[in-house]
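Have a look at query-v1.txt below; it lists compact mmCIF, C-alpha atoms.
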# COMPACT_ATOMS: atom_id res chain seq x y z
CA MET A 1 -48.54 -46.99 26.89
CA ARG A 2 -48.12 -44.33 29.55
CA ILE A 3 -47.38 -40.79 28.37
CA GLY A 4 -46.88 -37.44 30.04
CA ILE A 5 -47.99 -34.41 28.01
CA VAL A 6 -46.18 -31.30 29.20
CA PHE A 7 -47.13 -27.62 29.07
CA GLY A 8 -46.15 -24.48 30.92
CA THR A 9 -47.19 -21.53 28.77
CA ARG A 10 -50.31 -20.36 26.98
CA PRO A 11 -49.12 -21.34 23.47
CA GLU A 12 -48.20 -24.80 24.72
CA ILE A 13 -51.55 -25.61 26.31
CA ILE A 14 -53.35 -24.48 23.15
CA LYS A 15 -51.32 -26.94 21.11
CA VAL A 16 -51.22 -29.89 23.53
CA ALA A 17 -54.78 -29.78 24.91
CA PRO A 18 -56.11 -31.40 21.69
CA VAL A 19 -53.51 -34.17 22.04
CA TYR A 20 -54.56 -34.81 25.64
CA LEU A 21 -58.26 -34.83 24.72
CA LYS A 22 -57.58 -37.28 21.89
CA ALA A 23 -55.50 -39.46 24.22
CA LYS A 24 -58.48 -39.67 26.58
CA GLU A 25 -60.64 -40.82 23.65
CA MET A 26 -58.06 -43.51 22.86
CA GLU A 27 -57.78 -45.03 26.36
CA LYS A 28 -59.35 -48.27 25.13
CA GLU A 29 -56.48 -48.55 22.66
CA GLY A 30 -54.01 -48.69 25.55
CA ILE A 31 -53.02 -45.05 26.03
CA GLU A 32 -52.82 -43.64 29.55
CA ALA A 33 -52.02 -39.91 29.62
CA ASP A 34 -51.06 -37.45 32.35
CA PHE A 35 -51.42 -33.73 31.70
CA ILE A 36 -48.37 -32.11 33.32
CA CYS A 37 -48.25 -28.36 34.00
CA THR A 38 -45.03 -26.61 35.02
CA GLY A 39 -46.79 -23.30 35.58
CA GLN A 40 -44.14 -21.25 33.74
CA HIS A 41 -46.87 -18.72 32.84
CA ARG A 42 -49.35 -19.18 35.66
CA GLU A 43 -52.17 -16.75 34.87
CA MET A 44 -52.27 -17.40 31.14
CA VAL A 45 -52.23 -21.18 31.56
CA ASP A 46 -55.05 -21.10 34.12
CA MET A 47 -57.10 -18.98 31.71
CA MET A 48 -56.76 -21.62 29.01
CA LYS A 49 -57.69 -24.74 30.96
CA GLY A 50 -61.36 -23.77 31.22
CA ILE A 51 -61.68 -23.30 27.47
CA PHE A 52 -60.74 -26.88 26.72
CA ASN A 53 -62.41 -28.16 29.90
CA VAL A 54 -59.20 -29.80 31.10
CA GLU A 55 -57.27 -29.83 34.36
CA ALA A 56 -53.66 -30.70 35.01
CA ASP A 57 -53.08 -34.12 36.56
CA ILE A 58 -49.77 -32.81 37.92
CA ASP A 59 -48.96 -29.14 38.58
CA MET A 60 -45.40 -28.16 39.49
CA ASN A 61 -46.39 -24.51 40.04
CA ILE A 62 -42.91 -23.13 39.43
CA MET A 63 -43.97 -19.53 38.67
CA THR A 64 -42.36 -16.77 40.72
CA ALA A 65 -42.02 -13.07 39.93
CA ASN A 66 -39.17 -11.96 37.65
CA GLN A 67 -37.56 -15.37 37.40
CA THR A 68 -34.75 -15.80 34.87
CA LEU A 69 -34.61 -18.40 32.12
CA ASN A 70 -32.01 -20.32 34.09
CA GLU A 71 -34.24 -20.34 37.16
CA VAL A 72 -37.15 -21.68 35.10
CA MET A 73 -34.92 -24.37 33.59
CA TYR A 74 -33.58 -25.41 36.99
CA LYS A 75 -37.06 -25.67 38.52
CA VAL A 76 -38.44 -27.70 35.62
CA VAL A 77 -35.50 -30.13 35.61
CA ARG A 78 -35.73 -30.54 39.37
CA GLY A 79 -39.49 -31.09 39.17
CA PHE A 80 -39.15 -33.74 36.49
CA GLU A 81 -36.35 -35.47 38.33
CA GLU A 82 -38.72 -36.07 41.22
CA LEU A 83 -41.72 -36.87 39.01
CA LEU A 84 -39.84 -39.44 36.91
CA LYS A 85 -38.72 -41.23 40.06
CA GLU A 86 -42.35 -41.61 41.12
CA ARG A 87 -44.06 -42.32 37.80
CA HIS A 88 -42.78 -44.53 35.03
CA TYR A 89 -43.59 -43.08 31.62
CA ASP A 90 -42.99 -44.63 28.25
CA TRP A 91 -43.06 -41.20 26.62
CA ILE A 92 -42.84 -37.56 27.56
CA PHE A 93 -44.38 -35.25 24.97
CA VAL A 94 -43.21 -31.64 24.79
CA GLN A 95 -44.36 -28.96 22.39
CA GLY A 96 -42.51 -26.25 20.53
CA ASP A 97 -39.61 -24.29 21.90
CA THR A 98 -40.20 -22.96 25.41
CA THR A 99 -37.85 -23.29 28.36
CA THR A 100 -40.42 -25.68 29.86
CA ALA A 101 -40.26 -27.91 26.79
CA MET A 102 -36.48 -27.90 26.54
CA ALA A 103 -35.90 -28.60 30.24
CA ALA A 104 -38.55 -31.34 30.40
CA ALA A 105 -37.11 -33.01 27.30
CA LEU A 106 -33.59 -33.03 28.73
CA ALA A 107 -34.78 -34.32 32.09
CA ALA A 108 -36.70 -37.16 30.44
CA PHE A 109 -33.82 -38.03 28.11
CA ASN A 110 -31.36 -38.16 31.01
CA ARG A 111 -33.59 -40.69 32.79
CA GLY A 112 -34.03 -42.87 29.71
CA VAL A 113 -37.63 -41.84 28.92
CA LYS A 114 -38.48 -41.45 25.24
CA VAL A 115 -39.22 -37.88 24.15
CA GLY A 116 -41.80 -36.93 21.52
CA HIS A 117 -41.41 -33.41 20.10
CA ILE A 118 -44.66 -31.87 18.90
CA GLU A 119 -43.91 -29.19 16.28
CA ALA A 120 -40.40 -30.38 15.44
CA GLY A 121 -38.13 -29.08 12.73
CA LEU A 122 -38.87 -25.36 12.89
CA ARG A 123 -35.84 -23.14 12.29
CA SER A 124 -35.23 -19.43 11.82
CA GLY A 125 -31.56 -20.01 11.03
CA ASP A 126 -30.46 -17.45 13.63
CA LEU A 127 -29.54 -18.89 17.03
CA TYR A 128 -30.38 -15.57 18.72
CA ASP A 129 -33.64 -14.70 16.93
CA PRO A 130 -36.03 -15.69 18.36
CA PHE A 131 -34.20 -15.99 21.68
CA PRO A 132 -34.05 -18.45 23.40
CA GLU A 133 -36.60 -20.37 21.32
CA GLU A 134 -34.30 -21.17 18.39
CA MET A 135 -31.80 -22.84 20.71
CA ASN A 136 -34.54 -24.65 22.63
CA ARG A 137 -36.12 -26.24 19.57
CA ARG A 138 -32.79 -27.44 18.24
CA VAL A 139 -31.89 -29.05 21.56
CA ILE A 140 -35.28 -30.75 21.86
CA ASP A 141 -35.00 -32.30 18.41
CA GLN A 142 -31.58 -33.71 19.29
CA VAL A 143 -32.96 -35.74 22.21
CA SER A 144 -36.31 -36.74 20.68
CA GLU A 145 -37.11 -40.34 19.80
CA LYS A 146 -39.97 -39.10 17.61
CA MET A 147 -40.15 -35.71 15.91
CA PHE A 148 -43.69 -34.73 14.93
CA ALA A 149 -43.07 -32.32 12.06
CA PRO A 150 -46.03 -30.06 11.27
CA THR A 151 -45.16 -29.74 7.56
CA LEU A 152 -43.12 -31.43 4.84
CA ARG A 153 -40.75 -28.49 4.94
CA SER A 154 -40.11 -29.11 8.63
CA LYS A 155 -39.37 -32.75 7.82
CA ASP A 156 -36.97 -31.72 5.06
CA THR A 157 -35.17 -29.42 7.50
CA LEU A 158 -34.65 -32.31 9.90
CA LEU A 159 -33.43 -34.61 7.13
CA ARG A 160 -30.91 -31.99 6.01
CA GLU A 161 -29.63 -31.82 9.57
CA GLY A 162 -28.97 -35.56 9.46
CA PHE A 163 -31.84 -36.99 11.50
CA ASP A 164 -32.99 -40.52 10.72
CA GLU A 165 -36.19 -40.44 8.65
CA GLU A 166 -37.72 -43.16 10.82
CA ARG A 167 -37.76 -40.72 13.74
CA ILE A 168 -39.79 -38.12 11.81
CA VAL A 169 -43.59 -38.14 11.33
CA VAL A 170 -45.41 -35.40 9.39
CA THR A 171 -48.62 -34.72 11.30
CA GLY A 172 -49.83 -31.19 10.60
CA ASN A 173 -49.91 -28.64 13.41
CA THR A 174 -52.05 -29.28 16.47
CA VAL A 175 -53.01 -25.59 16.61
CA ILE A 176 -55.44 -26.29 13.77
CA ASP A 177 -56.99 -29.04 15.92
CA ALA A 178 -57.38 -26.43 18.69
CA GLN A 179 -59.02 -23.97 16.31
CA MET A 180 -61.50 -26.58 15.14
CA TYR A 181 -62.38 -27.32 18.76
CA VAL A 182 -63.10 -23.65 19.43
CA VAL A 183 -65.09 -23.17 16.21
CA ASN A 184 -67.26 -26.16 17.13
CA HIS A 185 -67.82 -25.23 20.78
CA PHE A 186 -68.30 -21.43 20.77
CA ASN A 187 -70.33 -18.76 18.92
CA LEU A 188 -67.43 -16.64 17.71
CA ASP A 189 -69.60 -13.87 16.25
CA ASP A 190 -71.16 -13.20 19.64
CA VAL A 191 -67.77 -13.34 21.33
CA ARG A 192 -66.26 -10.79 18.94
CA ARG A 193 -69.17 -8.35 19.23
CA LYS A 194 -68.62 -8.16 23.00
CA ILE A 195 -65.13 -6.81 22.30
CA ILE A 196 -65.71 -4.64 19.23
CA GLU A 197 -69.01 -4.23 17.41
CA HIS A 198 -67.85 -3.53 13.88
CA GLU A 199 -65.42 -5.37 11.59
CA ASN A 200 -63.34 -2.49 10.23
CA TYR A 201 -60.20 -3.34 12.18
CA PHE A 202 -56.96 -5.22 12.00
CA LEU A 203 -55.60 -7.34 14.84
CA VAL A 204 -52.22 -6.66 16.43
CA THR A 205 -50.16 -8.71 18.89
CA LEU A 206 -46.58 -7.88 19.88
CA HIS A 207 -44.57 -9.39 22.70
CA ARG A 208 -41.32 -10.98 21.57
CA ARG A 209 -38.31 -10.37 23.75
CA GLU A 210 -36.04 -9.51 20.82
CA ASN A 211 -38.45 -6.77 19.63
CA ILE A 212 -38.70 -4.92 22.94
CA GLY A 213 -37.14 -1.49 22.53
CA GLN A 214 -36.65 0.50 19.34
CA ARG A 215 -37.85 -2.31 17.08
CA MET A 216 -41.25 -2.31 18.80
CA ARG A 217 -41.46 1.47 18.62
CA ASN A 218 -40.79 1.32 14.87
CA ILE A 219 -43.56 -1.23 14.39
CA LEU A 220 -46.06 0.71 16.47
CA ARG A 221 -45.37 3.96 14.63
CA ALA A 222 -46.00 2.23 11.32
CA LEU A 223 -49.25 0.74 12.62
CA ARG A 224 -50.42 4.10 13.89
CA LYS A 225 -49.58 5.93 10.68
CA PHE A 226 -51.37 3.31 8.57
CA SER A 227 -54.44 3.28 10.82
CA GLU A 228 -54.78 7.06 10.76
CA ASN A 229 -54.22 7.25 7.00
CA GLU A 230 -56.77 4.56 6.13
CA GLY A 231 -59.35 5.05 8.89
CA ILE A 232 -59.10 1.41 9.91
CA GLU A 233 -58.98 0.66 13.62
CA ILE A 234 -56.43 -1.30 15.61
CA VAL A 235 -57.50 -3.98 18.09
CA PHE A 236 -54.51 -4.73 20.27
CA PRO A 237 -54.62 -7.09 23.29
CA VAL A 238 -51.57 -5.76 25.14
CA HIS A 239 -49.24 -8.34 26.67
CA LYS A 240 -48.77 -8.29 30.45
CA ASN A 241 -45.00 -7.79 30.20
CA PRO A 242 -44.42 -4.35 31.83
CA LYS A 243 -41.74 -3.44 29.28
CA VAL A 244 -44.12 -4.18 26.41
CA ARG A 245 -46.97 -2.26 28.02
CA GLU A 246 -44.80 0.80 28.66
CA ILE A 247 -43.79 1.06 25.00
CA VAL A 248 -47.26 0.32 23.61
CA TYR A 249 -48.99 2.89 25.79
CA GLU A 250 -46.36 5.54 25.09
CA GLU A 251 -46.79 5.09 21.34
CA LEU A 252 -50.54 4.46 21.04
CA ARG A 253 -52.25 5.86 24.14
CA ASP A 254 -53.50 8.98 22.33
CA CYS A 255 -54.24 7.24 19.01
CA LYS A 256 -58.01 7.55 18.57
CA ASN A 257 -58.16 4.46 16.32
CA ALA A 258 -56.36 2.15 18.75
CA HIS A 259 -58.32 -0.16 21.03
CA LEU A 260 -55.73 -1.18 23.64
CA ILE A 261 -57.37 -3.99 25.57
CA GLU A 262 -56.28 -6.45 28.23
CA PRO A 263 -55.01 -9.88 27.13
CA VAL A 264 -57.83 -12.03 25.77
CA ASN A 265 -58.43 -15.74 26.12
CA TYR A 266 -58.03 -18.11 23.21
CA VAL A 267 -61.70 -18.07 22.23
CA GLU A 268 -61.70 -14.27 22.16
CA LEU A 269 -58.48 -14.18 20.17
CA THR A 270 -59.90 -16.67 17.67
CA ALA A 271 -63.05 -14.57 17.32
CA LEU A 272 -61.02 -11.40 16.74
CA LEU A 273 -58.84 -13.21 14.22
CA LYS A 274 -61.83 -14.59 12.33
CA ASP A 275 -63.32 -11.15 11.63
CA ALA A 276 -60.18 -9.01 11.30
CA LYS A 277 -59.17 -7.53 7.94
CA PHE A 278 -55.65 -8.89 8.53
CA VAL A 279 -53.11 -9.40 11.31
CA ALA A 280 -49.84 -7.70 12.27
CA THR A 281 -47.89 -9.78 14.76
CA ASP A 282 -44.58 -11.10 16.02
CA SER A 283 -46.28 -14.25 17.34
CA GLY A 284 -45.40 -17.64 15.95
CA GLY A 285 -48.75 -19.24 16.71
CA ILE A 286 -50.83 -16.59 14.96
CA GLN A 287 -48.79 -17.15 11.81
CA GLU A 288 -50.23 -20.67 11.80
CA GLU A 289 -53.76 -19.75 12.89
CA ALA A 290 -54.58 -16.87 10.55
CA PRO A 291 -54.70 -18.92 7.30
CA THR A 292 -57.55 -21.04 8.70
CA PHE A 293 -59.73 -17.95 8.35
CA GLY A 294 -58.11 -16.72 5.13
CA LYS A 295 -56.29 -13.86 6.86
CA PHE A 296 -53.03 -12.28 5.72
CA VAL A 297 -50.23 -11.91 8.28
CA VAL A 298 -47.74 -9.05 8.42
CA VAL A 299 -44.90 -10.71 10.34
CA CYS A 300 -43.19 -7.97 12.37
CA ARG A 301 -39.92 -9.81 12.91
CA GLU A 302 -36.51 -10.08 11.30
CA THR A 303 -36.81 -13.86 10.90
CA THR A 304 -39.53 -16.49 10.88
CA GLU A 305 -39.32 -20.20 11.59
CA ARG A 306 -42.57 -20.64 9.66
CA PRO A 307 -41.52 -19.94 6.05
CA GLU A 308 -44.56 -21.93 4.86
CA LEU A 309 -46.67 -18.87 5.66
CA ILE A 310 -44.65 -16.70 3.30
CA GLU A 311 -44.34 -19.35 0.60
CA SER A 312 -48.08 -20.08 0.65
CA GLY A 313 -48.91 -16.42 0.00
CA PHE A 314 -50.63 -15.89 3.35
CA GLY A 315 -47.97 -13.61 4.82
CA LEU A 316 -45.06 -11.26 4.41
CA LEU A 317 -41.92 -11.00 6.52
CA ALA A 318 -41.94 -7.24 7.05
CA GLY A 319 -39.01 -6.85 9.40
CA THR A 320 -39.02 -4.20 12.11
CA GLU A 321 -38.17 -0.98 10.27
CA GLU A 322 -41.00 1.55 10.26
CA GLU A 323 -41.22 2.10 6.51
CA LYS A 324 -41.06 -1.60 5.65
CA VAL A 325 -43.83 -2.45 8.11
CA PHE A 326 -45.88 0.47 6.77
CA GLU A 327 -45.53 -0.79 3.18
CA ALA A 328 -46.41 -4.34 4.22
CA LEU A 329 -49.68 -3.16 5.81
CA TYR A 330 -50.85 -1.86 2.44
CA LYS A 331 -50.03 -5.19 0.82
CA ALA A 332 -52.14 -6.87 3.49
CA MET A 333 -55.10 -4.70 2.52
CA GLU A 334 -54.83 -5.90 -1.08
CA PHE A 335 -54.74 -9.61 -0.20
CA ARG A 336 -57.47 -12.04 -1.29
CA ALA A 337 -57.22 -15.64 -0.12
CA GLY A 338 -59.06 -17.14 -3.09
CA GLU A 339 -58.26 -20.86 -3.34
CA LEU A 340 -55.22 -20.76 -1.06
CA LYS A 341 -55.17 -23.45 1.64
CA ASN A 342 -53.72 -23.39 5.13
CA PRO A 343 -50.24 -24.94 4.84
CA PHE A 344 -50.20 -25.94 8.51
CA GLY A 345 -52.74 -28.72 8.71
CA ASP A 346 -56.26 -30.15 8.53
CA GLY A 347 -57.28 -30.56 12.18
CA HIS A 348 -56.24 -34.22 12.62
CA ALA A 349 -52.66 -33.81 13.86
CA SER A 350 -53.35 -35.07 17.39
CA GLU A 351 -54.55 -38.47 16.25
CA ARG A 352 -51.57 -38.87 13.89
CA ILE A 353 -49.20 -38.11 16.75
CA LEU A 354 -50.71 -40.70 19.06
CA ARG A 355 -50.98 -43.41 16.42
CA ALA A 356 -47.33 -42.92 15.59
CA ILE A 357 -46.31 -44.24 19.03
CA LEU A 358 -48.79 -47.14 18.93
CA VAL A 359 -47.19 -48.67 15.86
Would you kindly transcribe this structure into structure tokens?
Amino acid sequence: MRIGIVFGTRPEIIKVAPVYLKAKEMEKEGIEADFICTGQHREMVDMMKGIFNVEADIDMNIMTANQTLNEVMYKVVRGFEELLKERHYDWIFVQGDTTTAMAAALAAFNRGVKVGHIEAGLRSGDLYDPFPEEMNRRVIDQVSEKMFAPTLRSKDTLLREGFDEERIVVTGNTVIDAQMYVVNHFNLDDVRRKIIEHENYFLVTLHRRENIGQRMRNILRALRKFSENEGIEIVFPVHKNPKVREIVYEELRDCKNAHLIEPVNYVELTALLKDAKFVATDSGGIQEEAPTFGKFVVVCRETTERPELIESGFGLLAGTEEEKVFEALYKAMEFRAGELKNPFGDGHASERILRAILV
């Protein structure tokens, strides 16, 4: 059983590295895996490989400055066209909803290679929010032989859309596998103290394309007002996107409570998440990761494709209006996890995914 496991962005490598590591453990069971990097986000991907102690078997290195989504798609399809002529895979695994994942899935499908979609069945219900991720994930599911749904709700979504139940496997989310790897391999308390010594802070990440502009300004003004009112500090790894950085620094540069730091690696982010009071974010991945540590998430978006977070009690969809985000921050301060459990998995998703194709 020869499989190619594809990644091109930071979120993807976090969620597929555990699958690749598990595949290596299962070589005696007949699995041969290639780790395939497109390089869609070059710097962030390279940062992540050292954490999991993995290297790409194949690196397409498509990254160029200011490339459009269509240029990324074209380069990935072209790269896979050549790769699939040279190497004969039984499966190509893609993760989530990036342009890398969508283009690789289509290229594999068009050459008759079975596609496995890790994290299938997520939907926001709005084709343009998040953009282009909502379109990407729908397309990938259409061409997937196996859809690895992270939750029962994701499976139900796929069934309602008419997919054959035999194509769907509920596995949990591989991001929990990644978190368990980091918890077991690093001293997170020491890592966090190198960034900020005390624990009276909340963690912020903002980067989504659809929030850039007035929406992001609204969110930042709410965060600042709350921080100054309550005396709690903001720890904010600022995304490299120049448009994001311009807005963030305009709104928070002179806020004495705001720690605007450079992007952190996954271990550092996990350490900051573990000790934060709560999280305010527009990230999809952090919505899944925060419940592992009992943290509440203020989702600064108009939609979420992870309604399990809201339904479980671990988060609130705050929107992007200043007053609504401000009110949600106070609700986050009141939250107590108690007996609530992470709705996204138990740390064994990677093995379930691989065993599903061995049957």
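Using all atoms listed in the file, the protein and nucleic acid residues lying at most 6 Å from the point (-34.6, -22.8, 24.9) are Thr98, Thr99, Met102, Pro132, Glu133, Met135 and Asn136 of chain A.
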Output C-alpha atoms of each residue in that selection to a file, as a PDB file, in the coordinates of the input.
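Done, and the output landed in again.pdb:
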ATOM      1  CA  THR A  98     -40.200 -22.960  25.410  1.00  0.00           C
ATOM      2  CA  THR A  99     -37.850 -23.290  28.360  1.00  0.00           C
ATOM      3  CA  MET A 102     -36.480 -27.900  26.540  1.00  0.00           C
ATOM      4  CA  PRO A 132     -34.050 -18.450  23.400  1.00  0.00           C
ATOM      5  CA  GLU A 133     -36.600 -20.370  21.320  1.00  0.00           C
ATOM      6  CA  MET A 135     -31.800 -22.840  20.710  1.00  0.00           C
ATOM      7  CA  ASN A 136     -34.540 -24.650  22.630  1.00  0.00           C
TER       8      ASN A 136
END
- Message: Ranking A:Gln214, A:Tyr249, A:Asn184, A:Val204 by minimum distance to Val297 (chain A) and counting only C-alpha atoms, which one comes first?
- Response: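 Closest to Val297 (chain A) of all the choices is A:Val204.
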- In Å, with one decimal, what is the gap from CA of Thr151 (chain A) to CA of Asp282 (chain A)? 20.5 Å
- Task: Could you tell me how far CA of Val183 (chain A) lies from CA of Gly4 (chain A), in Å and to one decimal?
- Result: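 For CA of Val183 (chain A) relative to CA of Gly4 (chain A), the distance reads 27.0 Å.
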- Message: For a quick check of understanding, using only C-alpha atoms, which of A:Leu127, A:Ala17, A:Met147, A:Val76 has the smallest distance to Thr303 (chain A)?
- Response: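 The answer is A:Leu127, which sits nearest to Thr303 (chain A).
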Pull the closest atom pair for each residue of region 52-142 of chain A that gets at most 10 Å from region 157-174 of chain A, along with the distance in Å to one decimal, counting only C-alpha atoms, ordering rows by chain and then ascending residue number, as CSV.
residue,atom,partner,partner_atom,distance
A:Gln95,CA,A:Thr174,CA,9.7
A:Gly116,CA,A:Arg167,CA,9.6
A:His117,CA,A:Ile168,CA,9.7
A:Ile118,CA,A:Thr174,CA,8.2
A:Glu119,CA,A:Asn173,CA,6.7
A:Ala120,CA,A:Leu158,CA,8.2
A:Gly121,CA,A:Leu158,CA,5.5
A:Leu122,CA,A:Thr157,CA,7.7
A:Arg123,CA,A:Thr157,CA,7.9
A:Arg138,CA,A:Leu158,CA,9.8
A:Asp141,CA,A:Leu158,CA,8.5
A:Gln142,CA,A:Phe163,CA,8.5
- Message: With all atoms listed in the file as the counted atoms, please give the residues lying no more than 10 Å from Lys324 (chain A), apart from itself and same-chain residues fewer than 6 positions off, as a ChimeraX atom specification.
- Response: /A:218-219,222,300,317-318
So that I can see what lies close to Asp126 (chain A), please list as a PDB file with C-alpha atoms, in the frame of the given file the residues with an atom at most 10 Å from it, counting only C-alpha atoms and leaving out residues fewer than 2 positions away in the same chain.
ATOM      1  CA  ARG A 123     -35.840 -23.140  12.290  1.00  0.00           C
ATOM      2  CA  SER A 124     -35.230 -19.430  11.820  1.00  0.00           C
ATOM      3  CA  TYR A 128     -30.380 -15.570  18.720  1.00  0.00           C
ATOM      4  CA  ASP A 129     -33.640 -14.700  16.930  1.00  0.00           C
ATOM      5  CA  PRO A 130     -36.030 -15.690  18.360  1.00  0.00           C
ATOM      6  CA  PHE A 131     -34.200 -15.990  21.680  1.00  0.00           C
ATOM      7  CA  GLU A 134     -34.300 -21.170  18.390  1.00  0.00           C
ATOM      8  CA  MET A 135     -31.800 -22.840  20.710  1.00  0.00           C
ATOM      9  CA  GLU A 302     -36.510 -10.080  11.300  1.00  0.00           C
ATOM     10  CA  THR A 303     -36.810 -13.860  10.900  1.00  0.00           C
ATOM     11  CA  THR A 304     -39.530 -16.490  10.880  1.00  0.00           C
ATOM     12  CA  GLU A 305     -39.320 -20.200  11.590  1.00  0.00           C
TER      13      GLU A 305
END
- Message: Just the number, please: distance in Å from CA of His207 (chain A) to CA of Leu340 (chain A), one decimal.
- Response: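 Separation between CA of His207 (chain A) and CA of Leu340 (chain A): 28.4 Å.
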- Select, counting all atoms listed in the file, all protein, DNA and RNA residues no farther than 12 Å from (-58.9, -18.8, 11.6) in file coordinates, and express the selection as a ChimeraX atom specification. /A:175-183,188,266-279,285-297,341-342,344,347
- Query: With distances taken over all atoms listed in the file, which of A:Lys331, A:Arg355, A:Arg87, A:Lys225 is nearest to Asp34 (chain A)?
  - Reply: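 Residue with the minimum atom-to-atom distance to Asp34 (chain A): A:Arg87.
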- Residue nearest Val94 (chain A) among A:Ile36, A:Ile5, A:Leu309, A:Met73 (counting only C-alpha atoms):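 Of the candidates, the smallest distance to Val94 (chain A) is held by A:Ile5.
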- Item | Which of A:Met216, A:Met26, A:Met48, A:Val244 sits closest to Thr9 (chain A) [using only C-alpha atoms] |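 Closest candidate: A:Met48.
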- Contact residues around Val298 (chain A) with all atoms listed in the file at 7 Å, ignoring same-chain residues under 3 positions, as a ChimeraX atom specification: /A:279-281,315-318,328-329,332
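The shortest atom-to-atom distance to Ala356 (chain A), with only C-alpha atoms taken into account, belongs to A:Glu145 out of A:Glu145, A:Glu230, A:Asp254, A:Glu323.
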Padded axis-aligned box of region 7-23 of chain A (5 Å per side), centre and edge lengths, Å, one decimal, as AutoDock Vina command-line options:
--center_x -52.2 --center_y -29.9 --center_z 26.0 --size_x 22.1 --size_y 29.1 --size_z 19.8
With the cut-off set at 10 Å and counting all atoms listed in the file, tabulate each residue of region 6-59 of chain A with an atom at most that distance from an atom of region 104-109 of chain A, showing the nearest atom pair and its distance in Å to one decimal, ordered by chain and increasing number, as a Markdown table.
| residue | atom | partner | partner_atom | distance |
| --- | --- | --- | --- | --- |
| A:Val6 | CA | A:Ala104 | CA | 7.7 |
| A:Phe7 | CA | A:Ala104 | CA | 9.4 |
| A:Thr38 | CA | A:Ala104 | CA | 9.3 |
Write the residues of the preceding selection, restricted to C-alpha atoms, as a PDB file, in the frame of the given file.
ATOM      1  CA  VAL A   6     -46.180 -31.300  29.200  1.00  0.00           C
ATOM      2  CA  PHE A   7     -47.130 -27.620  29.070  1.00  0.00           C
ATOM      3  CA  THR A  38     -45.030 -26.610  35.020  1.00  0.00           C
TER       4      THR A  38
END
